[in-house]
Structure formats: structure tokens, C-alpha cells
Amino acid sequence: MRKKTLQHPAPAQGATSKLQQQLTEFIPLEVAGSVALLTATLVALFWANSGWAESYHNLWAMKLGVTIGNFQFTLSLLHWINDGLMALFFFVVGLEIKRELLVGELSSLRKALLPMMAALGGMLAPALIFLAFNVSRGHSRGWGVPMATDIAFALGMLALLGKRVPTSLKIFLTALAIVDDIGAILVIGIFYTSQILWGWLGVAAFLLVVLVILNLAKVYSPLPYLLIGLGVWFAVLVSGLHATVAGVLIALTIPARANLMPGALVAWGRQLLDTIEALDVPGAHVLESDEQQTVARELQKSAQQIQAPLQRLDYTLHPISTFFIIPLFALANAGVTLPQNDLFTLLLQPISLGIIFGLILGKQIGITLFAFLAVKLGWADLPEDVSWKQLYGVTWLGGIGFTMSLFISSLAFSDPLLLAEAKLSILVASLLAGLGGFLFIYFTSQTKAELAYRENKSKSTNRGGRML
């Protein structure tokens, strides 16, 4: 049987893969993830306020670690989640940030200015409102709590509105939330780090340089990045800087180039498919042709090389982050023991008022004002098919802080009572912001079918009036 001589194409040299798929592809995943997140939150609240409350708190206080000779590294289960698994969550966030900076809504200054300005206003106004309630009471450390937006819940609420919401509005909210995440990461790294051990931070910096060198050397296998990345995480954790920052820094070193260009894959794939066809024996069992299976594996391997490592890791880890890490984080952190009699008293404390008004009112004022200034000054344009009413509705959804707000609150408050106030107010504010945004957009937006019906009805009425 005639065999074809295969000549493997040379890998793409210095070519950056074009990550053209919009973030809206993740919206169905985010919607399902928001359901998992809500379920975990409700379970945590029920568990922490049931007869099994002690088992809830004991579980997360359980110590886990590694002992090798005289070396011992032990953390509570809660810290493994908040410092370990959440570092992986921030790694995924870092991948999305890098993708947006390269080919997405943040890839050009004109495209990026509107979500950047909106996010900036949405961070400054809530922080100032929180400080207005707390600066004279010694609780100003919590100013970062109402700054964040939970993208999963916010996109989930938009998805429930269906065709009333244009895709461009979802893209705007996604870009705003990503810029918001960048701000939260900077806030955590700069303002919520108490002591720095510069020696360990130097080790982390050295390992990051190694990762950059691997990137420049076109090393596309994820294994070296994983092993060295673990070293970066450990060094950052021991240094005193919050370990989640390591996740973002590692993500920025992941190659965004593909090892094989699409045109080369097409030519090479045709050769492989022709070879498989030439080796095919009708009626033969698939296991009889080892050579055919070898060529098929080569085709599969080549197909993977058209994707950049950044893209492959994002698609692989995003569902893990959405359906495992974030719900587990909520289960471990949202279990607030609610007081039997003075619930409203707790919500009227300065910390609670600062967070509630910061998330609900601060987000509305900050995002709307800064977006309006960006458009009126000619720096940016309002997204296509998006009205100012719809954008204002999104400012309500920006007040859904939840995951990031809970995370920052755990860094800001060590006192259990203050932390309980913060967590309870985050839950209340996120619920009110989500419902308010949903209802506002629902009653101020119309689907194309509804608009067409109203236009036809108006035309019919006008014709009827003329006939009379």
C-alpha cells in the first residue's frame, strides 16, 4: 500500500494568536456558575444558623499541611481556600485580563476608556462613602470592601433579561468588571499587606523572571509554568504579600502565541487526513491499523498547537473556578451567624451602612458620572444599541459585590463581630442591587419584537385617525 511522505510544517515564528472570541461566550457558564454560587451561599447561611453551627466553624478551622523533616507548613482549611484555591481563581482572572489587553475590549485606548473610567468611578465613590461613615470611628480599613463587582452574579442577572439586553451592554459590563478586578488586585497587594519579607519577595521575583524567559523562549508546555508557579505562590505567601496576587502575576507570563498558524494547520491537516484515508481498509477493526491511529494522534496534537497556552488554560480552568473554587469559597466565607433579635441594629452600624450605601449608591453615582464624563469629553462612545437608561441599570448590577467584597472583608477585619457586620451587609447590599438593577432594566428596556409591535400599533392608530 502506498504511503505518503509527511513533512511537518515549521512552527509559527513570533506570531501572536488572535483571540477573537468575545467574553460573551462565557455568559452561559457564568449564569450556571451564579446558580452554584447562590446555592453554596444559602447552604452556608443555613448551616451557620442551624443546630450544626459548631461543626460549620470547626470544619474551616481544621489544620492541614505538610511536614518534611524539620520543615512544617500548616494552614487552616479556610486559609487553604482563601490563600490557595483563590490564587487559582485570580490566575484565571489574570488570564482574562491579559486576553482583554491583547485582543479584547481593553486592547485599544478608545475601546478601553469607557469601561476604565466607569470602573474608576465605581471604585472611588463607594470607597469615599464608606470612609464618610467610618473614618472617625476607627474602621476605615474596610474602605476597599464596597469597591468590587461580582461578574458572575452581574452577568447572571443580565442573562435573565434575555433579548431586552443588547450584547454590547453585556460586553461593557464584562470589561468594567475586569477593570474592577484589576483595581481590587492592586488594592489587595498595596493596602492589605501588613509586613513584607523582602528576601522571599526577591525569590518570587526571580522565579517570575524565569517564567518570562520561558515565554520568550517559546516554551508552550504548561508543566514548567505549573511547577515554577507553585514556587512563586509559596514565596509570595511567605513574604507577607497576599498569595492571590501571585496568581495574577503568573497568568501574565503565560504565552499568548500559538505554536502553529491556522494556514499551516490546514495544509498539514489535509496531508494527515489523506494519509488516514489511504491507510483505511473497509470493514477492518479500528485497532488493526496502528499506523492509522498514530497519524490520528498527530492530527489531534497539531490541532492543539493552533491554540495559545493562555487560551487552552482559560478554557480548562474557567469551569473549575466557576463551579468549584468560587462556590467552595462562598460556602466557607458566607456562613454568617445571624443575631436572633438585633439584626436591624447590626445593619445600622457604621460598617454596615458604609458597605450598603457604598455598593448600592456609590456604584450608581461613580459609574454613571465617570461614564458620562468620558462620553461628553469625547474620550469614548456609548456602546452600540445601549441607552443611558440601560447603562444606569448596569450601575445597579455593579453593586453586586459578593465574592470580591467577601474576600476583601476577610482581609480588612480580624474582629469576628466586625467581620460578621461586613459579611451581612455585603449579602444584603448585593441582593438589593441585583433586584434593583434587574427590575430597572426590565421596565425600561424593550425587545425588538415589542418595539416593532408598538410601531405598528402607532401607525395603525395614525391611519385610523386620518380616515376619520
# chains A, B, ... in the order shown; residues from 1 in each chain; ligands from 1
$ residues_around --residues "segment 144-158 of chain A" --least-positions-apart "3" --cutoff "8 Å" --atoms "only C-alpha atoms" --output "PyMOL selection string"
chain A and resi 27+30-34+122-124+126-127+130+141+161-162+165+170+173-174+177+180-181+184+187+355-356+358-359+397-406+408-409+412+426+434+438
$ residues_around --residues "segment 77-84 of chain A" --least-positions-apart "4" --cutoff "6 Å" --atoms "only C-alpha atoms" --output "list in words"
Trp60, Met62 and Ala243 of chain A
$ closest_atom_pairs --of "segment 128-192 of chain A" --to "segment 89-110 of chain A" --cutoff "9 Å" --atoms "only C-alpha atoms" --output "Markdown table"
| residue | atom | partner | partner_atom | distance |
| --- | --- | --- | --- | --- |
| A:Ile171 | CA | A:Glu105 | CA | 7.9 |
| A:Phe172 | CA | A:Glu105 | CA | 8.1 |
| A:Ala175 | CA | A:Glu105 | CA | 6.3 |
| A:Ile178 | CA | A:Ile97 | CA | 6.5 |
| A:Val179 | CA | A:Ile97 | CA | 8.0 |
| A:Asp181 | CA | A:Val93 | CA | 7.7 |
| A:Ile182 | CA | A:Ile97 | CA | 7.9 |
| A:Ile185 | CA | A:Phe90 | CA | 8.6 |
$ closest_residue --among "A:Leu439, A:Ala267, A:Ile360, A:Val386" --to "Leu427 of chain A" --atoms "only C-alpha atoms"
A:Ile360
$ select_by_dssp --residues "segment 317-441 of chain A" --states "alpha helix (DSSP H)" --output "ChimeraX atom specification"
/A:317-320,326-333,343-347,350-357,363-376,388-397,402-412,416-441
$ atom_distance --atom1 "atom CA of Thr368 of chain A" --atom2 "atom CA of Leu353 of chain A"
21.3 Å
$ atom_distance --atom1 "atom CA of Val35 of chain A" --atom2 "atom CA of Gly335 of chain A"
17.2 Å
$ residues_around --residues "Ile196 of chain A" --least-positions-apart "6" --cutoff "10 Å" --atoms "only C-alpha atoms" --output "PyMOL selection string"
chain A and resi 236+238-242
$ closest_residue --among "A:Gln390, A:Ser76, A:Asn259, A:Thr322" --to "Ala36 of chain A" --atoms "only C-alpha atoms"
A:Thr322
$ residues_around --residues "Ser50 of chain A" --least-positions-apart "5" --cutoff "12 Å" --atoms "only C-alpha atoms" --output "list in words"
Val43, Ala44, Leu45, Ser55, Tyr56, His57, Gly335, Val336, Thr337 and Leu338 of chain A
$ write_last_selection --atoms "all heavy atoms" --output "PDB file, in the first residue's frame"
ATOM      1  N   VAL A  43     -26.626  27.482  51.522  1.00  0.00           N
ATOM      2  CA  VAL A  43     -26.228  26.350  52.368  1.00  0.00           C
ATOM      3  C   VAL A  43     -25.378  26.839  53.534  1.00  0.00           C
ATOM      4  O   VAL A  43     -25.562  26.416  54.688  1.00  0.00           O
ATOM      5  CB  VAL A  43     -25.462  25.297  51.536  1.00  0.00           C
ATOM      6  CG1 VAL A  43     -24.838  24.234  52.446  1.00  0.00           C
ATOM      7  CG2 VAL A  43     -26.387  24.634  50.527  1.00  0.00           C
ATOM      8  N   ALA A  44     -24.442  27.761  53.256  1.00  0.00           N
ATOM      9  CA  ALA A  44     -23.578  28.296  54.315  1.00  0.00           C
ATOM     10  C   ALA A  44     -24.386  29.026  55.371  1.00  0.00           C
ATOM     11  O   ALA A  44     -24.163  28.859  56.582  1.00  0.00           O
ATOM     12  CB  ALA A  44     -22.533  29.227  53.706  1.00  0.00           C
ATOM     13  N   LEU A  45     -25.347  29.844  54.951  1.00  0.00           N
ATOM     14  CA  LEU A  45     -26.183  30.585  55.897  1.00  0.00           C
ATOM     15  C   LEU A  45     -27.032  29.647  56.741  1.00  0.00           C
ATOM     16  O   LEU A  45     -27.174  29.832  57.958  1.00  0.00           O
ATOM     17  CB  LEU A  45     -27.066  31.578  55.144  1.00  0.00           C
ATOM     18  CG  LEU A  45     -26.364  32.816  54.577  1.00  0.00           C
ATOM     19  CD1 LEU A  45     -27.302  33.599  53.667  1.00  0.00           C
ATOM     20  CD2 LEU A  45     -25.869  33.707  55.707  1.00  0.00           C
ATOM     21  N   SER A  55     -20.201  22.610  64.021  1.00  0.00           N
ATOM     22  CA  SER A  55     -19.479  21.786  63.047  1.00  0.00           C
ATOM     23  C   SER A  55     -19.052  22.617  61.840  1.00  0.00           C
ATOM     24  O   SER A  55     -18.001  22.353  61.242  1.00  0.00           O
ATOM     25  CB  SER A  55     -20.357  20.620  62.593  1.00  0.00           C
ATOM     26  OG  SER A  55     -21.477  21.085  61.843  1.00  0.00           O
ATOM     27  N   TYR A  56     -19.857  23.628  61.494  1.00  0.00           N
ATOM     28  CA  TYR A  56     -19.501  24.518  60.378  1.00  0.00           C
ATOM     29  C   TYR A  56     -18.194  25.241  60.672  1.00  0.00           C
ATOM     30  O   TYR A  56     -17.254  25.250  59.859  1.00  0.00           O
ATOM     31  CB  TYR A  56     -20.633  25.523  60.133  1.00  0.00           C
ATOM     32  CG  TYR A  56     -20.307  26.570  59.087  1.00  0.00           C
ATOM     33  CD1 TYR A  56     -20.488  26.305  57.725  1.00  0.00           C
ATOM     34  CD2 TYR A  56     -19.805  27.821  59.447  1.00  0.00           C
ATOM     35  CE1 TYR A  56     -20.178  27.261  56.765  1.00  0.00           C
ATOM     36  CE2 TYR A  56     -19.489  28.778  58.496  1.00  0.00           C
ATOM     37  CZ  TYR A  56     -19.685  28.491  57.158  1.00  0.00           C
ATOM     38  OH  TYR A  56     -19.369  29.427  56.206  1.00  0.00           O
ATOM     39  N   HIS A  57     -18.104  25.861  61.838  1.00  0.00           N
ATOM     40  CA  HIS A  57     -16.922  26.636  62.189  1.00  0.00           C
ATOM     41  C   HIS A  57     -15.714  25.731  62.449  1.00  0.00           C
ATOM     42  O   HIS A  57     -14.576  26.094  62.114  1.00  0.00           O
ATOM     43  CB  HIS A  57     -17.214  27.505  63.403  1.00  0.00           C
ATOM     44  CG  HIS A  57     -18.286  28.537  63.157  1.00  0.00           C
ATOM     45  ND1 HIS A  57     -18.106  29.608  62.311  1.00  0.00           N
ATOM     46  CD2 HIS A  57     -19.562  28.636  63.633  1.00  0.00           C
ATOM     47  CE1 HIS A  57     -19.207  30.333  62.279  1.00  0.00           C
ATOM     48  NE2 HIS A  57     -20.101  29.771  63.070  1.00  0.00           N
ATOM     49  N   GLY A 335     -20.966  32.011  55.704  1.00  0.00           N
ATOM     50  CA  GLY A 335     -21.725  31.494  56.846  1.00  0.00           C
ATOM     51  C   GLY A 335     -21.741  32.470  58.009  1.00  0.00           C
ATOM     52  O   GLY A 335     -21.028  32.282  59.002  1.00  0.00           O
ATOM     53  N   VAL A 336     -22.545  33.498  57.912  1.00  0.00           N
ATOM     54  CA  VAL A 336     -22.680  34.499  58.974  1.00  0.00           C
ATOM     55  C   VAL A 336     -23.740  34.032  59.957  1.00  0.00           C
ATOM     56  O   VAL A 336     -24.869  33.709  59.557  1.00  0.00           O
ATOM     57  CB  VAL A 336     -23.076  35.871  58.399  1.00  0.00           C
ATOM     58  CG1 VAL A 336     -23.140  36.911  59.507  1.00  0.00           C
ATOM     59  CG2 VAL A 336     -22.108  36.292  57.303  1.00  0.00           C
ATOM     60  N   THR A 337     -23.392  33.990  61.230  1.00  0.00           N
ATOM     61  CA  THR A 337     -24.371  33.643  62.263  1.00  0.00           C
ATOM     62  C   THR A 337     -25.230  34.868  62.533  1.00  0.00           C
ATOM     63  O   THR A 337     -24.751  35.880  63.059  1.00  0.00           O
ATOM     64  CB  THR A 337     -23.670  33.199  63.560  1.00  0.00           C
ATOM     65  OG1 THR A 337     -22.832  32.078  63.263  1.00  0.00           O
ATOM     66  CG2 THR A 337     -24.689  32.804  64.612  1.00  0.00           C
ATOM     67  N   LEU A 338     -26.496  34.797  62.155  1.00  0.00           N
ATOM     68  CA  LEU A 338     -27.389  35.944  62.264  1.00  0.00           C
ATOM     69  C   LEU A 338     -27.891  36.091  63.692  1.00  0.00           C
ATOM     70  O   LEU A 338     -28.280  35.100  64.326  1.00  0.00           O
ATOM     71  CB  LEU A 338     -28.582  35.777  61.314  1.00  0.00           C
ATOM     72  CG  LEU A 338     -28.236  35.604  59.833  1.00  0.00           C
ATOM     73  CD1 LEU A 338     -29.502  35.356  59.024  1.00  0.00           C
ATOM     74  CD2 LEU A 338     -27.492  36.818  59.302  1.00  0.00           C
TER      75      LEU A 338
END
$ atom_distance --atom1 "atom CA of Leu328 of chain A" --atom2 "atom CA of Ala119 of chain A"
27.2 Å
